[in-house]
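With CSV, C-alpha atoms inside, this is run-v4.csv:
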chain,number,residue,atom,x,y,z
A,1,MET,CA,108.7,160.8,99.2
A,2,GLY,CA,105.2,159.5,99.6
A,3,SER,CA,104.0,156.5,101.6
A,4,MET,CA,103.8,153.2,99.8
A,5,LYS,CA,100.1,153.1,100.6
A,6,GLU,CA,99.1,156.4,99.1
A,7,GLU,CA,98.2,156.8,95.5
A,8,ARG,CA,100.0,159.6,93.6
A,9,LYS,CA,98.5,162.0,91.1
A,10,ILE,CA,101.0,162.8,88.4
A,11,THR,CA,101.0,164.7,85.1
A,12,GLY,CA,102.1,163.3,81.8
A,13,TRP,CA,101.6,164.3,78.2
A,14,ALA,CA,99.0,162.1,76.6
A,15,ALA,CA,97.3,161.7,73.2
A,16,ARG,CA,93.6,161.5,73.6
A,17,ASP,CA,92.6,160.5,70.0
A,18,PRO,CA,94.2,159.4,66.7
A,19,SER,CA,95.2,163.0,65.9
A,20,GLY,CA,98.2,162.1,68.1
A,21,VAL,CA,98.3,165.6,69.7
A,22,LEU,CA,100.0,165.4,73.1
A,23,ALA,CA,98.8,167.6,76.0
A,24,PRO,CA,99.0,167.6,79.8
A,25,TYR,CA,97.0,164.8,81.4
A,26,THR,CA,96.7,164.0,85.1
A,27,TYR,CA,96.4,160.4,86.2
A,28,THR,CA,97.0,158.1,89.2
A,29,LEU,CA,100.1,156.0,89.6
A,30,ARG,CA,99.7,152.6,91.2
A,31,ASN,CA,100.9,152.1,94.8
A,32,THR,CA,104.5,151.0,95.1
A,33,GLY,CA,104.4,147.2,95.4
A,34,ALA,CA,106.8,144.9,97.2
A,35,GLU,CA,109.1,144.6,94.2
A,36,ASP,CA,108.3,148.0,92.6
A,37,VAL,CA,110.5,151.0,92.1
A,38,LEU,CA,109.2,154.5,92.0
A,39,ILE,CA,111.2,156.5,89.5
A,40,LYS,CA,111.3,160.3,89.0
A,41,VAL,CA,111.7,160.7,85.2
A,42,ILE,CA,114.7,162.7,84.1
A,43,CYS,CA,114.4,162.3,80.4
A,44,CYS,CA,112.8,160.1,77.7
A,45,GLY,CA,113.8,159.4,74.1
A,46,ILE,CA,111.3,159.5,71.2
A,47,CYS,CA,111.2,156.3,69.2
A,48,HIS,CA,109.7,155.9,65.7
A,49,THR,CA,107.1,153.7,67.5
A,50,ASP,CA,105.7,156.6,69.4
A,51,PRO,CA,104.1,158.5,66.6
A,52,HIS,CA,102.7,155.3,65.2
A,53,GLN,CA,101.1,154.5,68.5
A,54,ILE,CA,99.7,157.9,69.3
A,55,LYS,CA,98.1,158.1,65.8
A,56,ASN,CA,96.7,154.5,66.0
A,57,ASP,CA,98.6,153.5,62.8
A,58,LEU,CA,98.6,149.9,64.0
A,59,GLY,CA,94.9,150.0,64.9
A,60,MET,CA,95.5,149.0,68.5
A,61,SER,CA,95.8,152.3,70.4
A,62,ASN,CA,93.9,153.0,73.6
A,63,TYR,CA,93.4,156.6,74.9
A,64,PRO,CA,94.4,158.6,76.8
A,65,MET,CA,98.0,157.4,76.0
A,66,VAL,CA,101.2,158.7,77.6
A,67,PRO,CA,104.0,157.4,75.3
A,68,GLY,CA,107.7,157.0,75.9
A,69,HIS,CA,109.8,153.8,76.4
A,70,GLU,CA,113.3,155.1,76.5
A,71,VAL,CA,113.1,156.4,80.1
A,72,VAL,CA,115.9,157.5,82.4
A,73,GLY,CA,115.2,158.6,85.9
A,74,GLU,CA,116.1,158.6,89.6
A,75,VAL,CA,114.9,156.1,92.1
A,76,VAL,CA,112.9,157.9,94.8
A,77,GLU,CA,111.3,154.9,96.6
A,78,VAL,CA,111.7,151.1,96.6
A,79,GLY,CA,109.4,148.4,97.8
A,80,PRO,CA,110.4,146.2,100.8
A,81,GLU,CA,111.5,143.3,98.6
A,82,VAL,CA,113.5,145.3,96.1
A,83,THR,CA,117.1,144.1,96.1
A,84,LYS,CA,118.6,145.5,92.9
A,85,PHE,CA,118.1,149.2,93.5
A,86,LYS,CA,118.2,151.9,96.2
A,87,VAL,CA,117.0,155.4,96.5
A,88,GLY,CA,119.2,157.8,94.5
A,89,ASP,CA,120.2,155.3,91.8
A,90,CYS,CA,120.0,156.4,88.2
A,91,VAL,CA,118.0,153.8,86.3
A,92,GLY,CA,116.4,153.1,82.9
A,93,VAL,CA,113.2,151.6,81.7
A,94,GLY,CA,112.7,150.3,78.2
A,95,CYS,CA,109.9,148.9,76.1
A,96,LEU,CA,108.6,146.3,78.6
A,97,VAL,CA,107.3,146.4,82.2
A,98,GLY,CA,105.9,142.9,82.6
A,99,CYS,CA,105.9,139.3,81.5
A,100,CYS,CA,104.4,136.0,82.6
A,101,ASP,CA,107.6,134.6,84.2
A,102,ALA,CA,106.5,131.0,83.3
A,103,CYS,CA,106.9,130.4,79.6
A,104,ARG,CA,109.9,129.1,77.8
A,105,PRO,CA,111.2,132.6,76.7
A,106,CYS,CA,110.8,133.9,80.3
A,107,LYS,CA,112.6,131.0,81.8
A,108,ALA,CA,115.4,131.5,79.2
A,109,GLU,CA,115.7,135.2,80.2
A,110,VAL,CA,114.5,136.4,76.8
A,111,GLU,CA,111.3,137.9,78.1
A,112,GLN,CA,110.9,140.1,75.1
A,113,TYR,CA,109.6,137.0,73.3
A,114,CYS,CA,107.0,136.2,76.0
A,115,ASN,CA,103.5,136.1,74.4
A,116,LYS,CA,102.1,137.8,77.6
A,117,LYS,CA,104.7,140.6,77.8
A,118,ILE,CA,103.4,144.0,79.0
A,119,TRP,CA,104.4,147.1,77.1
A,120,SER,CA,105.5,150.2,78.9
A,121,TYR,CA,102.5,152.1,77.5
A,122,ASN,CA,99.4,151.4,75.6
A,123,ASP,CA,98.9,148.1,77.4
A,124,VAL,CA,97.1,146.8,80.5
A,125,TYR,CA,99.1,146.0,83.7
A,126,THR,CA,98.4,143.0,86.0
A,127,ASP,CA,96.1,145.2,88.1
A,128,GLY,CA,93.9,145.8,85.1
A,129,LYS,CA,94.9,149.5,84.7
A,130,PRO,CA,96.5,151.0,81.6
A,131,THR,CA,100.3,151.3,81.4
A,132,GLN,CA,101.6,154.8,80.8
A,133,GLY,CA,105.0,155.7,79.6
A,134,GLY,CA,107.9,158.1,80.3
A,135,PHE,CA,106.5,161.4,79.0
A,136,ALA,CA,105.5,162.0,82.6
A,137,GLY,CA,106.8,163.0,86.0
A,138,SER,CA,107.1,159.5,87.5
A,139,MET,CA,106.7,155.8,86.8
A,140,VAL,CA,106.2,152.8,89.0
A,141,VAL,CA,108.0,149.7,87.6
A,142,HIS,CA,108.8,146.2,88.8
A,143,GLN,CA,112.5,145.9,89.6
A,144,LYS,CA,112.9,143.1,86.9
A,145,PHE,CA,112.2,145.7,84.2
A,146,VAL,CA,114.6,148.4,85.5
A,147,VAL,CA,118.3,148.6,84.6
A,148,LYS,CA,121.1,150.4,86.5
A,149,ILE,CA,122.7,153.2,84.5
A,150,PRO,CA,126.5,152.9,84.9
A,151,GLU,CA,128.2,155.8,86.7
A,152,GLY,CA,129.4,158.6,84.5
A,153,MET,CA,126.8,158.1,81.7
A,154,SER,CA,124.6,161.1,81.1
A,155,PRO,CA,120.9,160.4,81.2
A,156,GLU,CA,120.2,162.1,77.8
A,157,GLN,CA,122.9,159.9,76.1
A,158,VAL,CA,121.5,156.7,77.7
A,159,ALA,CA,117.9,157.2,76.6
A,160,PRO,CA,118.3,156.0,73.0
A,161,LEU,CA,120.3,153.0,74.1
A,162,LEU,CA,117.3,151.6,76.0
A,163,CYS,CA,115.5,150.8,72.7
A,164,ALA,CA,117.6,151.6,69.6
A,165,GLY,CA,120.9,150.6,71.3
A,166,VAL,CA,119.8,147.2,72.6
A,167,THR,CA,117.9,146.5,69.4
A,168,VAL,CA,121.2,146.4,67.6
A,169,TYR,CA,123.3,144.9,70.4
A,170,SER,CA,120.9,141.9,70.8
A,171,PRO,CA,121.4,140.2,67.4
A,172,LEU,CA,125.1,140.8,67.4
A,173,ASN,CA,125.3,139.2,70.8
A,174,TYR,CA,123.0,136.3,70.1
A,175,PHE,CA,124.5,135.3,66.7
A,176,GLY,CA,128.1,135.4,68.0
A,177,LEU,CA,128.9,138.6,66.0
A,178,LYS,CA,130.6,140.5,68.8
A,179,LYS,CA,134.2,139.5,68.1
A,180,SER,CA,136.5,142.1,66.4
A,181,GLY,CA,137.6,141.9,62.8
A,182,LEU,CA,134.1,141.1,61.3
A,183,LYS,CA,132.8,143.0,58.3
A,184,GLY,CA,129.3,144.4,58.8
A,185,GLY,CA,126.8,146.4,56.9
A,186,ILE,CA,124.2,148.8,58.2
A,187,LEU,CA,121.3,149.3,55.8
A,188,GLY,CA,119.5,152.6,56.6
A,189,LEU,CA,120.9,155.4,58.8
A,190,GLY,CA,118.1,156.5,61.1
A,191,GLY,CA,117.8,156.1,64.9
A,192,VAL,CA,118.6,152.4,65.0
A,193,GLY,CA,121.0,152.5,62.1
A,194,HIS,CA,123.2,155.2,63.7
A,195,MET,CA,123.4,153.1,66.9
A,196,GLY,CA,124.3,150.1,64.7
A,197,VAL,CA,127.3,152.0,63.3
A,198,LEU,CA,128.5,153.1,66.7
A,199,ILE,CA,128.1,149.8,68.5
A,200,ALA,CA,129.6,147.7,65.6
A,201,LYS,CA,132.6,150.0,65.4
A,202,ALA,CA,133.0,149.8,69.2
A,203,MET,CA,133.1,146.0,68.8
A,204,GLY,CA,136.0,146.4,66.3
A,205,HIS,CA,134.1,145.7,63.1
A,206,HIS,CA,134.7,147.1,59.6
A,207,VAL,CA,131.4,148.9,59.1
A,208,THR,CA,129.8,149.9,55.8
A,209,VAL,CA,126.7,152.1,55.7
A,210,ILE,CA,124.5,151.0,52.8
A,211,SER,CA,122.0,153.5,51.4
A,212,SER,CA,120.0,154.4,48.3
A,213,SER,CA,121.7,157.8,47.9
A,214,ASP,CA,124.8,159.7,48.9
A,215,LYS,CA,122.9,162.1,51.1
A,216,LYS,CA,124.3,160.8,54.4
A,217,LYS,CA,127.7,159.8,53.2
A,218,GLU,CA,129.6,162.6,54.9
A,219,GLU,CA,127.7,162.0,58.2
A,220,ALA,CA,128.3,158.3,58.1
A,221,LEU,CA,132.0,158.5,57.4
A,222,ASP,CA,133.1,161.7,59.2
A,223,VAL,CA,130.6,162.0,62.1
A,224,LEU,CA,129.7,158.4,63.0
A,225,GLY,CA,133.1,156.9,61.9
A,226,ALA,CA,131.9,154.3,59.4
A,227,ASP,CA,134.7,152.7,57.3
A,228,ASP,CA,132.9,152.7,54.0
A,229,TYR,CA,129.7,154.0,52.3
A,230,LEU,CA,127.9,151.9,49.6
A,231,ILE,CA,125.2,153.2,47.4
A,232,SER,CA,122.9,150.2,46.6
A,233,SER,CA,122.3,151.3,43.0
A,234,ASP,CA,126.1,151.4,42.2
A,235,VAL,CA,126.3,148.2,40.2
A,236,GLU,CA,130.1,148.1,39.9
A,237,ARG,CA,130.7,148.6,43.7
A,238,MET,CA,127.9,146.1,44.6
A,239,GLN,CA,129.6,143.5,42.4
A,240,GLU,CA,133.0,144.4,43.9
A,241,LEU,CA,131.8,143.9,47.4
A,242,ALA,CA,129.7,140.7,46.7
A,243,ASP,CA,130.2,137.8,49.1
A,244,SER,CA,132.2,139.9,51.6
A,245,PHE,CA,130.0,140.7,54.5
A,246,ASP,CA,129.6,138.7,57.7
A,247,TYR,CA,126.3,140.3,58.4
A,248,ILE,CA,124.0,143.2,57.4
A,249,ILE,CA,121.6,144.9,59.8
A,250,ASP,CA,118.6,146.0,57.8
A,251,THR,CA,116.8,148.9,59.5
A,252,VAL,CA,114.7,150.1,56.6
A,253,PRO,CA,111.1,150.2,57.8
A,254,VAL,CA,109.4,150.2,54.3
A,255,HIS,CA,109.2,147.6,51.5
A,256,HIS,CA,112.5,147.1,49.7
A,257,PRO,CA,114.2,144.3,47.8
A,258,LEU,CA,116.3,141.8,49.8
A,259,GLU,CA,118.4,140.4,46.9
A,260,PRO,CA,121.0,143.2,46.8
A,261,SER,CA,121.8,142.7,50.5
A,262,LEU,CA,121.8,138.9,50.2
A,263,SER,CA,124.3,139.1,47.3
A,264,LEU,CA,126.7,141.0,49.6
A,265,LEU,CA,126.8,138.3,52.3
A,266,LYS,CA,129.6,135.8,52.4
A,267,LEU,CA,129.2,132.1,53.2
A,268,ASP,CA,127.0,131.8,56.4
A,269,GLY,CA,126.3,135.5,56.3
A,270,LYS,CA,123.3,136.9,58.1
A,271,LEU,CA,120.7,139.4,56.9
A,272,ILE,CA,119.1,140.7,60.2
A,273,ILE,CA,115.8,142.4,59.7
A,274,MET,CA,115.1,145.3,62.1
A,275,GLY,CA,112.4,147.3,60.3
A,276,VAL,CA,108.8,146.7,61.0
A,277,ILE,CA,107.2,146.1,57.5
A,278,ASN,CA,103.6,145.1,57.1
A,279,VAL,CA,103.8,143.9,53.5
A,280,PRO,CA,105.5,140.7,52.3
A,281,LEU,CA,109.2,140.8,51.3
A,282,GLN,CA,110.6,138.7,48.5
A,283,PHE,CA,113.8,137.0,47.5
A,284,VAL,CA,114.9,134.1,45.2
A,285,SER,CA,115.9,131.0,47.2
A,286,PRO,CA,119.2,130.2,45.4
A,287,LEU,CA,120.7,133.4,46.9
A,288,LEU,CA,120.3,131.8,50.3
A,289,MET,CA,121.0,128.2,49.4
A,290,LEU,CA,124.2,128.7,47.4
A,291,GLY,CA,125.9,130.5,50.4
A,292,ARG,CA,124.1,128.9,53.3
A,293,LYS,CA,122.9,132.4,54.1
A,294,MET,CA,120.3,133.4,56.7
A,295,ILE,CA,117.5,135.9,56.8
A,296,THR,CA,116.5,136.4,60.4
A,297,GLY,CA,115.1,139.0,62.7
A,298,THR,CA,115.3,139.9,66.4
A,299,PHE,CA,113.1,142.0,68.7
A,300,ILE,CA,114.6,144.7,71.0
A,301,GLY,CA,116.6,142.8,73.7
A,302,SER,CA,116.3,141.1,77.1
A,303,MET,CA,116.8,142.9,80.3
A,304,LYS,CA,120.1,141.0,80.8
A,305,GLU,CA,121.2,142.2,77.3
A,306,THR,CA,120.1,145.7,78.1
A,307,GLN,CA,122.3,145.8,81.2
A,308,GLU,CA,125.2,144.3,79.3
A,309,MET,CA,124.8,146.8,76.5
A,310,LEU,CA,124.9,149.7,78.9
A,311,GLU,CA,128.1,148.4,80.5
A,312,PHE,CA,129.6,147.9,77.0
A,313,CYS,CA,128.7,151.4,75.8
A,314,ASN,CA,130.0,152.9,79.0
A,315,GLU,CA,133.3,151.0,78.7
A,316,LYS,CA,133.7,151.9,75.0
A,317,GLY,CA,132.5,155.5,75.2
A,318,VAL,CA,129.7,155.0,72.8
A,319,ARG,CA,127.7,158.3,72.5
A,320,SER,CA,124.5,158.6,70.5
A,321,THR,CA,123.8,161.7,68.4
A,322,ILE,CA,120.7,163.4,70.0
A,323,GLU,CA,118.7,166.6,70.0
A,324,VAL,CA,117.3,167.5,73.4
A,325,VAL,CA,113.9,169.2,73.6
A,326,LYS,CA,111.5,170.3,76.2
A,327,MET,CA,108.1,168.8,76.6
A,328,ASP,CA,106.3,171.8,75.1
A,329,TYR,CA,108.1,171.0,71.8
A,330,VAL,CA,107.1,167.4,71.7
A,331,ASN,CA,104.4,167.7,69.1
A,332,THR,CA,106.7,169.5,66.7
A,333,ALA,CA,109.4,166.8,67.4
A,334,MET,CA,106.8,164.1,66.5
A,335,ASP,CA,106.1,165.9,63.2
A,336,ARG,CA,109.8,166.3,62.5
A,337,LEU,CA,110.4,162.6,63.3
A,338,ALA,CA,107.7,161.6,60.8
A,339,LYS,CA,109.7,163.4,58.2
A,340,ASN,CA,113.0,161.9,59.4
A,341,ASP,CA,114.1,165.5,60.3
A,342,VAL,CA,116.3,164.6,63.2
A,343,ARG,CA,119.9,163.4,63.7
A,344,TYR,CA,119.4,160.9,65.1
A,345,ARG,CA,117.2,160.8,68.2
A,346,PHE,CA,115.0,163.3,70.0
A,347,VAL,CA,115.3,163.2,73.8
A,348,VAL,CA,112.8,165.0,75.9
A,349,ASP,CA,114.1,166.8,79.0
A,350,VAL,CA,111.2,165.8,81.2
A,351,ALA,CA,112.6,167.0,84.5
A,352,GLY,CA,113.4,170.4,83.1
A,353,SER,CA,110.0,170.9,81.5
A,354,ASN,CA,106.8,172.4,82.9
A,355,LEU,CA,104.5,169.4,82.5
A,356,GLU,CA,101.4,171.3,83.7
A,357,GLU,CA,101.4,173.9,80.9
A,358,GLU,CA,100.8,173.5,77.2
A,359,THR,CA,102.7,176.0,75.0
A,360,THR,CA,101.9,176.7,71.4
A,361,ASN,CA,105.0,175.9,69.3

Target encoding structure tokens, full file:
Amino acid sequence: MGSMKEERKITGWAARDPSGVLAPYTYTLRNTGAEDVLIKVICCGICHTDPHQIKNDLGMSNYPMVPGHEVVGEVVEVGPEVTKFKVGDCVGVGCLVGCCDACRPCKAEVEQYCNKKIWSYNDVYTDGKPTQGGFAGSMVVHQKFVVKIPEGMSPEQVAPLLCAGVTVYSPLNYFGLKKSGLKGGILGLGGVGHMGVLIAKAMGHHVTVISSSDKKKEEALDVLGADDYLISSDVERMQELADSFDYIIDTVPVHHPLEPSLSLLKLDGKLIIMGVINVPLQFVSPLLMLGRKMITGTFIGSMKETQEMLEFCNEKGVRSTIEVVKMDYVNTAMDRLAKNDVRYRFVVDVAGSNLEEETTN
């Protein structure tokens, strides 16, 4: 364990240009501040955001960039004013590492809506240096943005919960949809969608997976435990299930019609948009007005919700479906993720990888 005054050189895997190819990169971690926690990274999930960022798909990427915002690790040092954690704790870090602490969202403990939030990577920290993510040996993070992993949860299982898990938990929590007996739909069965099924079932909901084909029917029903499977082009079944859902979580990240989902919602039903779509979506207003229905969206979750979600998943035994890979496979994993060739989340075994060496896959 190093002194809190000495800078640390560590190695992570970074993209250096919009090709998005990740390779070993050595950089300096900031000193451990009074409220900072030094974390040795154990593993890190791969989110759909990662390939978009490393390839500059959003036009806002800065290089070199070490991605990764589903980070699980062990505390190896704490600053003198840290009260929440101690050396040896298993902890998690999600999408954010900073906020202004002064605005309305921050004061309401929903710092994910702070206009000055600081991302875990591809951003600039308060010291003016770039933030780097969890595809690295270590991270230094302010204690506000660290969560305690409940005892008994495996790091690899926890990683996807820190983004995909809380993304689903947050709207169910905020809109009062946690009580058992509700009927929910999950539109799209990827990384977020599969967590939606698992968490909604753990809450005691009747869960229907809604998809454009029957490709994932067996997985949805037999593996994830969904109660029903609805193909959106099946007109007869769509009519049969009209006006019956309390909510639908829409995880589809590309342009698609909203009317079919709106028709399934009952009075006061909610269509919750989770997919990031950069083109306008359309609907006809009577579908909303005649059922007092709502189209809304939420963004990841607060630190408070993240901790609650972890406790909930631990209590209910929620386990995500993952594929664990070493760091030298990460470029192949990114390519496979772009093709949706993963069930349902890649998790990189960072601690078990040789971060210094690049291997041809």

Selection as a PyMOL selection string: residues within 8 Å of (102.3, 157.3, 73.7), counting all atoms listed in the file
chain A and resi 14-15+50-51+53-54+65-68+121-122+132-133+135

Could those selected residues go to a file with C-alpha atoms, as a PDB file, keeping the file's coordinate frame?
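Saved result, again.pdb, follows:
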ATOM      1  CA  ALA A  14      99.000 162.100  76.600  1.00  0.00           C
ATOM      2  CA  ALA A  15      97.300 161.700  73.200  1.00  0.00           C
ATOM      3  CA  ASP A  50     105.700 156.600  69.400  1.00  0.00           C
ATOM      4  CA  PRO A  51     104.100 158.500  66.600  1.00  0.00           C
ATOM      5  CA  GLN A  53     101.100 154.500  68.500  1.00  0.00           C
ATOM      6  CA  ILE A  54      99.700 157.900  69.300  1.00  0.00           C
ATOM      7  CA  MET A  65      98.000 157.400  76.000  1.00  0.00           C
ATOM      8  CA  VAL A  66     101.200 158.700  77.600  1.00  0.00           C
ATOM      9  CA  PRO A  67     104.000 157.400  75.300  1.00  0.00           C
ATOM     10  CA  GLY A  68     107.700 157.000  75.900  1.00  0.00           C
ATOM     11  CA  TYR A 121     102.500 152.100  77.500  1.00  0.00           C
ATOM     12  CA  ASN A 122      99.400 151.400  75.600  1.00  0.00           C
ATOM     13  CA  GLN A 132     101.600 154.800  80.800  1.00  0.00           C
ATOM     14  CA  GLY A 133     105.000 155.700  79.600  1.00  0.00           C
ATOM     15  CA  PHE A 135     106.500 161.400  79.000  1.00  0.00           C
TER      16      PHE A 135
END

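Across the model, the gap from atom CA of A:Glu74 to atom CA of A:Ser353 is 15.9 Å.
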
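Between atom CA of A:Asp246 and atom CA of A:Leu221 the interatomic distance comes to 19.9 Å.
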
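The spacing separating atom CA of A:Gly20 from atom CA of A:Trp119 amounts to 18.6 Å.
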
Show me the residues close to (104.9, 151.5, 80.0) - anything with an atom within 12 Å, counting all atoms listed in the file - and format the list as a CSV table (one decimal) with C-alpha atoms, in the coordinates of the input.
chain,number,residue,atom,x,y,z
A,29,LEU,CA,100.1,156.0,89.6
A,44,CYS,CA,112.8,160.1,77.7
A,50,ASP,CA,105.7,156.6,69.4
A,65,MET,CA,98.0,157.4,76.0
A,66,VAL,CA,101.2,158.7,77.6
A,67,PRO,CA,104.0,157.4,75.3
A,68,GLY,CA,107.7,157.0,75.9
A,69,HIS,CA,109.8,153.8,76.4
A,70,GLU,CA,113.3,155.1,76.5
A,71,VAL,CA,113.1,156.4,80.1
A,92,GLY,CA,116.4,153.1,82.9
A,93,VAL,CA,113.2,151.6,81.7
A,94,GLY,CA,112.7,150.3,78.2
A,95,CYS,CA,109.9,148.9,76.1
A,96,LEU,CA,108.6,146.3,78.6
A,97,VAL,CA,107.3,146.4,82.2
A,98,GLY,CA,105.9,142.9,82.6
A,117,LYS,CA,104.7,140.6,77.8
A,118,ILE,CA,103.4,144.0,79.0
A,119,TRP,CA,104.4,147.1,77.1
A,120,SER,CA,105.5,150.2,78.9
A,121,TYR,CA,102.5,152.1,77.5
A,122,ASN,CA,99.4,151.4,75.6
A,123,ASP,CA,98.9,148.1,77.4
A,124,VAL,CA,97.1,146.8,80.5
A,125,TYR,CA,99.1,146.0,83.7
A,129,LYS,CA,94.9,149.5,84.7
A,130,PRO,CA,96.5,151.0,81.6
A,131,THR,CA,100.3,151.3,81.4
A,132,GLN,CA,101.6,154.8,80.8
A,133,GLY,CA,105.0,155.7,79.6
A,134,GLY,CA,107.9,158.1,80.3
A,135,PHE,CA,106.5,161.4,79.0
A,136,ALA,CA,105.5,162.0,82.6
A,138,SER,CA,107.1,159.5,87.5
A,139,MET,CA,106.7,155.8,86.8
A,140,VAL,CA,106.2,152.8,89.0
A,141,VAL,CA,108.0,149.7,87.6
A,142,HIS,CA,108.8,146.2,88.8
A,145,PHE,CA,112.2,145.7,84.2
A,146,VAL,CA,114.6,148.4,85.5

Judged by all atoms listed in the file, the minimum distance to A:Lys266 among A:Cys313, A:Leu241, A:Val41, A:Ile300 is found for A:Leu241

Within 9 Å of A:Arg16 using all atoms listed in the file, minus same-chain residues under 5 positions, as a PDB file with C-alpha atoms, in the coordinates of the input:
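Result written to part17.pdb:
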ATOM      1  CA  VAL A  21      98.300 165.600  69.700  1.00  0.00           C
ATOM      2  CA  LEU A  22     100.000 165.400  73.100  1.00  0.00           C
ATOM      3  CA  ALA A  23      98.800 167.600  76.000  1.00  0.00           C
ATOM      4  CA  ILE A  54      99.700 157.900  69.300  1.00  0.00           C
ATOM      5  CA  ASN A  62      93.900 153.000  73.600  1.00  0.00           C
ATOM      6  CA  TYR A  63      93.400 156.600  74.900  1.00  0.00           C
ATOM      7  CA  PRO A  64      94.400 158.600  76.800  1.00  0.00           C
ATOM      8  CA  MET A  65      98.000 157.400  76.000  1.00  0.00           C
TER       9      MET A  65
END

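The neighbours of A:Asn314 here are the residues that come within 7 Å of it, using only C-alpha atoms and leaving out any residue fewer than 3 positions away in the same chain; they are Pro150, Met153, Leu310, Glu311, Gly317 and Val318 of chain A.
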
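Nearest-residue note for A:Thr49: choosing from A:Pro253, A:Leu288, A:Arg343, A:Thr332, the minimum distance belongs to A:Pro253, counting all atoms listed in the file.
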
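Of the listed residues (A:Ile248, A:Val330, A:Cys99, A:Ile39), A:Ile248 comes nearest to A:Val168; the distances count all atoms listed in the file.
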
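For the set A:Ile46, A:Tyr25, A:Tyr247, A:Cys106, the residue with the smallest atom-to-atom gap to A:Val348 is A:Ile46, counting all atoms listed in the file.
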
One residue among A:Asp17, A:Asp214, A:Glu156, A:Asp250 is nearest to A:Asp349 when using only C-alpha atoms, and that residue is A:Glu156

query: Counting only C-alpha atoms, what is within 10 Å of A:Met294, bar same-chain residues fewer than 4 positions away, as a PyMOL selection string?
result: chain A and resi 247+262+265+267-272+287-289

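The list of residues with at least one atom within 12 Å of A:Val82, based on all atoms listed in the file and without residues fewer than 4 positions apart in the same chain, reads Thr32, Gly33, Ala34, Glu35, Asp36, Val37, Leu38, Val75, Glu77, Val78, Lys86, Val87, Val141, His142, Gln143, Lys144, Phe145 and Val146 of chain A.
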
Put those residues in a file: C-alpha atoms, as a compact mmCIF listing (two decimals), in the frame of the given file.
# COMPACT_ATOMS: atom_id res chain seq x y z
CA THR A 32 104.50 151.00 95.10
CA GLY A 33 104.40 147.20 95.40
CA ALA A 34 106.80 144.90 97.20
CA GLU A 35 109.10 144.60 94.20
CA ASP A 36 108.30 148.00 92.60
CA VAL A 37 110.50 151.00 92.10
CA LEU A 38 109.20 154.50 92.00
CA VAL A 75 114.90 156.10 92.10
CA GLU A 77 111.30 154.90 96.60
CA VAL A 78 111.70 151.10 96.60
CA LYS A 86 118.20 151.90 96.20
CA VAL A 87 117.00 155.40 96.50
CA VAL A 141 108.00 149.70 87.60
CA HIS A 142 108.80 146.20 88.80
CA GLN A 143 112.50 145.90 89.60
CA LYS A 144 112.90 143.10 86.90
CA PHE A 145 112.20 145.70 84.20
CA VAL A 146 114.60 148.40 85.50

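For the set A:Leu58, A:Leu230, A:Val91, A:Cys100, the residue with the smallest atom-to-atom gap to A:Thr306 is A:Val91, counting all atoms listed in the file.
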
Do you have, as JSON lines, the list of residues of stretch 158-260 of chain A lying at most 12 Å from stretch 107-113 of chain A, each with its nearest atom pair and that distance in Å to one decimal, counting all atoms listed in the file and ordered by chain then number?
{"residue": "A:Cys163", "atom": "CA", "partner": "A:Gln112", "partner_atom": "CA", "distance": 11.9}
{"residue": "A:Val166", "atom": "CA", "partner": "A:Gln112", "partner_atom": "CA", "distance": 11.7}
{"residue": "A:Thr167", "atom": "CA", "partner": "A:Gln112", "partner_atom": "CA", "distance": 11.1}
{"residue": "A:Ser170", "atom": "CA", "partner": "A:Val110", "partner_atom": "CA", "distance": 10.4}
{"residue": "A:Tyr174", "atom": "CA", "partner": "A:Val110", "partner_atom": "CA", "distance": 10.8}
